[in-house]
>>> print(open('work_16.cif').read())   # mmCIF, C-alpha atoms
data_target
loop_
_atom_site.label_atom_id
_atom_site.label_comp_id
_atom_site.auth_asym_id
_atom_site.auth_seq_id
_atom_site.Cartn_x
_atom_site.Cartn_y
_atom_site.Cartn_z
CA MET E 1 -26.47 14.37 5.17
CA ASP E 2 -25.33 17.99 5.25
CA LEU E 3 -22.22 18.01 3.05
CA SER E 4 -21.35 21.69 3.46
CA LYS E 5 -19.46 21.02 6.69
CA TYR E 6 -17.06 18.78 4.78
CA ARG E 7 -16.00 21.43 2.24
CA ALA E 8 -13.29 22.91 4.47
CA LEU E 9 -11.98 19.47 5.31
CA PHE E 10 -11.91 18.60 1.60
CA LEU E 11 -9.99 21.77 0.69
CA GLU E 12 -7.45 21.19 3.44
CA GLU E 13 -6.88 17.54 2.65
CA ALA E 14 -6.98 17.96 -1.14
CA ALA E 15 -4.26 20.63 -0.85
CA GLU E 16 -2.10 18.21 1.14
CA HIS E 17 -2.71 15.43 -1.38
CA LEU E 18 -1.91 17.70 -4.33
CA ALA E 19 1.33 18.78 -2.64
CA GLU E 20 2.24 15.11 -2.20
CA LEU E 21 1.30 14.42 -5.82
CA SER E 22 3.46 17.34 -6.94
CA ARG E 23 6.45 15.98 -5.01
CA ALA E 24 5.85 12.54 -6.52
CA CYS E 25 5.73 14.04 -10.03
CA LEU E 26 9.09 15.73 -9.48
CA ALA E 27 10.55 12.45 -8.23
CA LEU E 28 9.19 10.66 -11.30
CA GLU E 29 10.64 13.31 -13.58
CA LYS E 30 14.06 12.28 -12.26
CA ASP E 31 13.28 8.57 -12.20
CA PRO E 32 10.14 7.38 -14.09
CA ALA E 33 10.52 3.94 -12.46
CA ASN E 34 10.40 5.25 -8.88
CA ALA E 35 7.94 2.69 -7.45
CA GLU E 36 7.27 4.66 -4.28
CA ALA E 37 6.39 7.80 -6.24
CA ILE E 38 4.16 5.83 -8.64
CA ASP E 39 2.31 4.23 -5.72
CA LEU E 40 1.96 7.57 -3.94
CA SER E 41 0.57 9.22 -7.07
CA PHE E 42 -1.97 6.40 -7.46
CA ARG E 43 -3.10 6.72 -3.85
CA MET E 44 -3.37 10.52 -3.98
CA ALA E 45 -5.50 10.39 -7.13
CA HIS E 46 -7.64 7.66 -5.54
CA SER E 47 -8.11 9.64 -2.36
CA ILE E 48 -9.02 12.89 -4.13
CA LYS E 49 -11.50 10.93 -6.26
CA GLY E 50 -13.23 9.50 -3.19
CA MET E 51 -13.49 12.82 -1.40
CA ALA E 52 -14.68 14.71 -4.48
CA ALA E 53 -17.30 12.06 -5.22
CA SER E 54 -18.60 12.38 -1.67
CA LEU E 55 -19.20 16.09 -2.22
CA ASP E 56 -20.62 15.76 -5.75
CA TYR E 57 -17.67 17.57 -7.32
CA ASP E 58 -18.08 15.45 -10.44
CA PRO E 59 -15.49 17.21 -12.66
CA VAL E 60 -12.81 16.67 -9.99
CA THR E 61 -13.94 13.08 -9.53
CA GLN E 62 -13.68 12.36 -13.25
CA VAL E 63 -10.21 13.83 -13.68
CA ALA E 64 -8.92 12.11 -10.53
CA HIS E 65 -10.46 8.84 -11.68
CA ARG E 66 -8.75 9.00 -15.07
CA LEU E 67 -5.46 9.93 -13.45
CA GLU E 68 -5.86 7.01 -11.06
CA ASP E 69 -6.54 4.69 -14.01
CA ARG E 70 -3.42 5.95 -15.75
CA MET E 71 -1.35 5.49 -12.59
CA ALA E 72 -2.69 1.95 -12.22
CA VAL E 73 -1.37 1.10 -15.69
CA TRP E 74 2.03 2.66 -14.98
CA ARG E 75 2.17 0.95 -11.62
CA ALA E 76 1.54 -2.41 -13.32
CA GLN E 77 4.25 -1.79 -15.92
CA GLY E 78 6.68 -0.44 -13.31
CA ARG E 79 7.38 2.93 -14.88
CA VAL E 80 5.74 6.03 -16.27
CA ASP E 81 6.01 6.42 -20.03
CA VAL E 82 8.43 9.14 -21.05
CA PRO E 83 7.79 11.76 -22.20
CA GLU E 84 4.05 11.36 -22.90
CA GLY E 85 3.13 9.88 -19.52
CA MET E 86 4.97 12.55 -17.60
CA ARG E 87 3.28 15.23 -19.65
CA LEU E 88 -0.14 13.74 -18.86
CA LEU E 89 0.72 13.41 -15.19
CA PHE E 90 1.68 17.08 -14.92
CA HIS E 91 -1.41 18.13 -16.87
CA GLY E 92 -3.59 16.07 -14.53
CA LEU E 93 -1.93 17.59 -11.49
CA GLU E 94 -2.32 21.12 -12.84
CA GLY E 95 -5.95 20.46 -13.73
CA LEU E 96 -6.76 19.18 -10.26
CA GLU E 97 -4.95 22.13 -8.66
CA ARG E 98 -6.94 24.53 -10.85
CA MET E 99 -10.26 22.87 -10.00
CA VAL E 100 -9.59 22.74 -6.27
CA ALA E 101 -8.57 26.42 -6.37
CA GLY E 102 -11.88 27.12 -8.12
CA ILE E 103 -13.81 25.39 -5.36
CA ARG E 104 -11.86 27.36 -2.76
CA ALA E 105 -12.67 30.63 -4.54
CA THR E 106 -16.33 30.04 -5.36
CA GLY E 107 -17.52 27.29 -3.07
CA GLU E 108 -19.04 25.65 -6.12
CA SER E 109 -18.19 22.60 -8.19
CA PRO E 110 -15.81 23.64 -11.00
CA PRO E 111 -16.70 23.33 -14.70
CA LEU E 112 -15.89 20.11 -16.50
CA ASP E 113 -12.56 20.26 -18.35
CA GLY E 114 -13.40 18.13 -21.35
CA ALA E 115 -10.04 18.68 -23.04
CA LEU E 116 -8.15 17.46 -19.98
CA LEU E 117 -10.45 14.46 -19.62
CA ALA E 118 -9.84 13.55 -23.26
CA GLN E 119 -6.07 13.85 -22.77
CA LEU E 120 -6.18 11.54 -19.78
CA ALA E 121 -8.39 8.95 -21.47
CA ALA E 122 -6.89 5.51 -21.85
CA PRO E 123 -5.39 4.91 -25.31
CA GLY E 124 -7.87 3.36 -27.70
CA ALA E 125 -10.90 3.99 -25.48
CA ALA E 126 -13.83 4.64 -27.82
CA ASP E 127 -15.67 6.95 -25.47
CA GLY E 128 -12.62 8.53 -23.97
CA GLY E 129 -11.69 5.92 -21.41
CA GLY E 130 -12.92 4.16 -18.34
CA ALA E 131 -13.55 7.18 -16.17
CA LYS E 132 -17.16 6.55 -15.43
CA LYS E 133 -18.95 9.19 -13.48
CA ALA E 134 -17.99 7.97 -9.97
CA MET N 1 -23.08 -0.73 21.80
CA LYS N 2 -20.96 -2.14 18.95
CA ARG N 3 -17.37 -0.97 18.80
CA VAL N 4 -15.97 0.09 15.43
CA LEU N 5 -12.42 0.75 14.21
CA ILE N 6 -12.17 2.99 11.11
CA ALA N 7 -9.19 2.82 8.76
CA ASP N 8 -8.69 5.23 5.87
CA ASP N 9 -5.73 7.42 4.96
CA ALA N 10 -8.10 10.36 4.35
CA SER N 11 -9.31 11.98 7.56
CA PHE N 12 -12.20 13.33 5.47
CA MET N 13 -13.49 9.80 4.89
CA ARG N 14 -12.92 8.75 8.52
CA GLN N 15 -14.93 11.74 9.71
CA MET N 16 -17.72 10.99 7.26
CA ILE N 17 -18.04 7.39 8.46
CA ARG N 18 -17.94 8.54 12.07
CA ASP N 19 -20.72 11.06 11.43
CA ILE N 20 -22.87 8.40 9.79
CA ILE N 21 -22.53 5.65 12.37
CA GLU N 22 -22.14 7.37 15.76
CA PRO N 23 -25.67 8.84 15.86
CA GLU N 24 -26.98 5.32 15.16
CA GLY N 25 -25.46 3.84 18.28
CA PHE N 26 -22.06 2.60 17.10
CA GLU N 27 -19.03 3.54 19.17
CA VAL N 28 -15.91 4.50 17.22
CA VAL N 29 -13.14 3.13 19.42
CA GLY N 30 -10.25 4.09 17.16
CA GLU N 31 -9.02 5.35 13.83
CA ALA N 32 -6.06 4.29 11.69
CA SER N 33 -4.54 6.04 8.69
CA ASP N 34 -2.56 3.18 7.15
CA GLY N 35 -2.49 -0.59 6.81
CA VAL N 36 0.12 -1.13 9.50
CA GLU N 37 -1.63 1.02 12.08
CA VAL N 38 -4.99 -0.70 11.59
CA VAL N 39 -3.51 -4.12 12.35
CA GLU N 40 -1.78 -2.78 15.48
CA LYS N 41 -4.96 -1.08 16.65
CA TYR N 42 -7.03 -4.18 15.98
CA LYS N 43 -4.77 -6.22 18.26
CA LYS N 44 -4.99 -3.59 20.96
CA LEU N 45 -8.65 -2.58 20.75
CA ARG N 46 -10.39 -5.77 19.57
CA PRO N 47 -13.32 -3.92 17.94
CA ASP N 48 -16.51 -5.68 16.90
CA VAL N 49 -16.16 -4.40 13.33
CA VAL N 50 -13.42 -2.80 11.23
CA MET N 51 -14.36 -0.46 8.40
CA MET N 52 -11.33 -0.28 6.13
CA ASP N 53 -10.36 1.36 2.85
CA ILE N 54 -8.87 -0.95 0.24
CA VAL N 55 -6.20 1.51 -0.90
CA MET N 56 -3.95 2.59 1.97
CA PRO N 57 -0.27 3.45 2.49
CA LYS N 58 2.36 1.16 4.06
CA ARG N 59 0.20 -1.92 3.77
CA SER N 60 -2.81 -2.36 1.46
CA GLY N 61 -6.26 -2.97 2.86
CA ILE N 62 -6.15 -6.51 1.45
CA ASP N 63 -2.88 -7.30 3.22
CA ALA N 64 -4.27 -5.77 6.39
CA VAL N 65 -7.38 -8.01 6.20
CA ARG N 66 -5.15 -11.06 5.93
CA ALA N 67 -3.11 -9.94 8.95
CA ILE N 68 -6.20 -9.23 11.03
CA LYS N 69 -7.77 -12.59 10.12
CA ALA N 70 -4.52 -14.34 11.00
CA GLU N 71 -4.68 -12.66 14.39
CA ASP N 72 -8.40 -13.32 14.90
CA ALA N 73 -10.21 -15.70 12.55
CA GLY N 74 -13.56 -14.30 13.70
CA ALA N 75 -12.71 -10.71 12.88
CA ARG N 76 -15.38 -8.78 11.00
CA VAL N 77 -14.01 -6.41 8.37
CA VAL N 78 -16.07 -4.28 5.99
CA MET N 79 -14.10 -2.93 3.04
CA CYS N 80 -14.64 0.58 1.72
CA SER N 81 -14.06 0.68 -2.02
CA ALA N 82 -14.69 2.96 -4.96
CA LEU N 83 -16.29 2.41 -8.33
CA GLY N 84 -14.09 0.41 -10.66
CA GLN N 85 -12.41 -1.64 -7.93
CA ASP N 86 -14.37 -4.85 -8.42
CA ALA N 87 -11.23 -6.99 -8.69
CA LEU N 88 -9.81 -5.59 -5.45
CA VAL N 89 -13.13 -6.07 -3.66
CA SER N 90 -13.24 -9.67 -4.80
CA GLU N 91 -9.69 -10.20 -3.56
CA ALA N 92 -10.55 -8.60 -0.21
CA LEU N 93 -13.57 -10.87 0.22
CA GLN N 94 -11.41 -13.90 -0.54
CA ALA N 95 -8.92 -12.63 2.04
CA GLY N 96 -11.67 -12.73 4.67
CA ALA N 97 -13.55 -9.43 4.53
CA ARG N 98 -17.23 -9.92 5.40
CA ASP N 99 -18.76 -7.29 3.12
CA PHE N 100 -18.05 -4.01 1.35
CA ILE N 101 -19.47 -0.54 0.80
CA VAL N 102 -18.82 1.75 -2.16
CA LYS N 103 -17.77 5.40 -2.10
CA PRO N 104 -19.37 7.88 -2.20
CA PHE N 105 -20.99 6.66 1.01
CA LYS N 106 -24.73 6.57 1.26
CA PRO N 107 -25.68 6.59 4.95
CA ASP N 108 -28.44 4.00 4.55
CA ALA N 109 -26.11 1.61 2.73
CA VAL N 110 -23.35 2.05 5.30
CA LEU N 111 -25.70 1.39 8.21
CA SER N 112 -27.49 -1.57 6.62
CA THR N 113 -24.18 -3.23 5.74
CA LEU N 114 -22.83 -2.66 9.21
CA ALA N 115 -26.02 -4.00 10.79
CA LYS N 116 -25.93 -7.08 8.55
CA VAL N 117 -22.34 -7.86 9.48
CA VAL N 118 -23.05 -7.43 13.17
CA GLU N 119 -26.26 -9.52 13.04
CA LYS N 120 -24.49 -12.39 11.25
CA ALA N 121 -22.04 -12.57 14.09
CA GLU N 122 -24.67 -12.72 16.81
#
>>> encode(input="work_16.cif", output="structure tokens")
Amino acid sequence: MDLSKYRALFLEEAAEHLAELSRACLALEKDPANAEAIDLSFRMAHSIKGMAASLDYDPVTQVAHRLEDRMAVWRAQGRVDVPEGMRLLFHGLEGLERMVAGIRATGESPPLDGALLAQLAAPGAADGGGAKKA
Amino acid sequence: MKRVLIADDASFMRQMIRDIIEPEGFEVVGEASDGVEVVEKYKKLRPDVVMMDIVMPKRSGIDAVRAIKAEDAGARVVMCSALGQDALVSEALQAGARDFIVKPFKPDAVLSTLAKVVEKAE
């Protein structure tokens, strides 16, 4: 399957998803228990993960996967932890924006951001969390 | 020609499925971008197979499977999941989904799953 034709579609849709994620983050900053914003953030991370995995953008996939895992925990508990959770959420968003901008600029998969992945790892995870290479 | 309804909130994924299955003789009769729309389109289009993401807005893929099966007990739904969603896949199968495929999509796996689901119904 020729994946190059999907790059433009990925960039367009990832930008839309990141804009939605950004709006959700701002809503959660005001109300960390905003269920709609938590669900939206989970779905945006999930969607970006699926698209990135399809194009072998592994660093994007890994960050989106860890953010999705984090969102799943916060969704289950009904609120984002403050202030640490919000800080992680914004870092994850910024990291994804940076990586997608890198793809737009170079056409290549961005470098792995190990520090960001470590930040997003689930607490207590021995190997840095459950973000398997998807 | 088997008629397929594709449901995923990402147009990227809908296009990818379409590109995999159309050259192999499947007709994509409709697309839906959320869990409410897919149920409405199922009632209207009566496709042979639905390919549906588990995570969707408005109504989850699992809820949508239940609604489609309530409408048509013989409906054939293939769930599209991602790594790490084993519990959701299991729930979807219990809700009545026939099978599942895992993202990122591998064309051979998509087509063999689709063929298996269609054959079982014939």
>>> resolve_selection(input="work_16.cif", expression="the PyMOL selection byres ((chain N) within 12 of (chain E))", output="ChimeraX atom specification")
/N:8-17,19-21,34,53-60,80-85,102-108
>>> resolve_selection(input="work_16.cif", expression="the PyMOL selection byres ((chain E and resi 26) around 12)", output="number ranges by chain")
E: 19-25, 27-32, 34, 37-38, 41, 86-87, 89-90, 93
>>> atom_distance(input="work_16.cif", atom1="atom CA of N:Pro47", atom2="atom CA of N:Val4")
5.4 Å
>>> resolve_selection(input="work_16.cif", expression="the PyMOL selection byres ((chain N and resi 29) around 8)", output="list of chain:residue names")
N:Arg3, N:Val4, N:Leu5, N:Glu27, N:Val28, N:Gly30, N:Glu31, N:Leu45, N:Pro47
>>> residues_near_point(input="work_16.cif", point="(-8.5, -14.6, 13.4)", cutoff="12 Å", atoms="all atoms listed in the file", output="ChimeraX atom specification")
/N:39,42-43,46,65-77,95-97
>>> closest_residue(input="work_16.cif", among="E:Leu96, E:Gly102, E:Arg75, E:Ala115", to="E:Glu36", atoms="only C-alpha atoms")
E:Arg75
>>> atom_distance(input="work_16.cif", atom1="atom CA of N:Met1", atom2="atom CA of N:Leu111")
14.0 Å
>>> atom_distance(input="work_16.cif", atom1="atom CA of E:Leu67", atom2="atom CA of E:His91")
9.8 Å
>>> residues_around(input="work_16.cif", residues="N:Glu119", least_positions_apart="6", cutoff="12 Å", atoms="only C-alpha atoms", output="PyMOL selection string")
chain N and resi 2+48-49+76+98+111-113
>>> axis_aligned_box(input="work_16.cif", around="stretch 92-100 of chain N", padding_each_side="5 Å", output="AutoDock Vina command-line options")
--center_x -13.8 --center_y -9.0 --center_z 2.4 --size_x 19.8 --size_y 19.9 --size_z 15.9
>>> closest_residue(input="work_16.cif", among="E:Ala33, E:Met71, E:Ala64, E:Val80", to="E:Leu116", atoms="all atoms listed in the file")
E:Ala64
>>> closest_residue(input="work_16.cif", among="E:Glu84, E:Glu68, E:Glu97, E:Glu16", to="E:Gln119", atoms="only C-alpha atoms")
E:Glu84
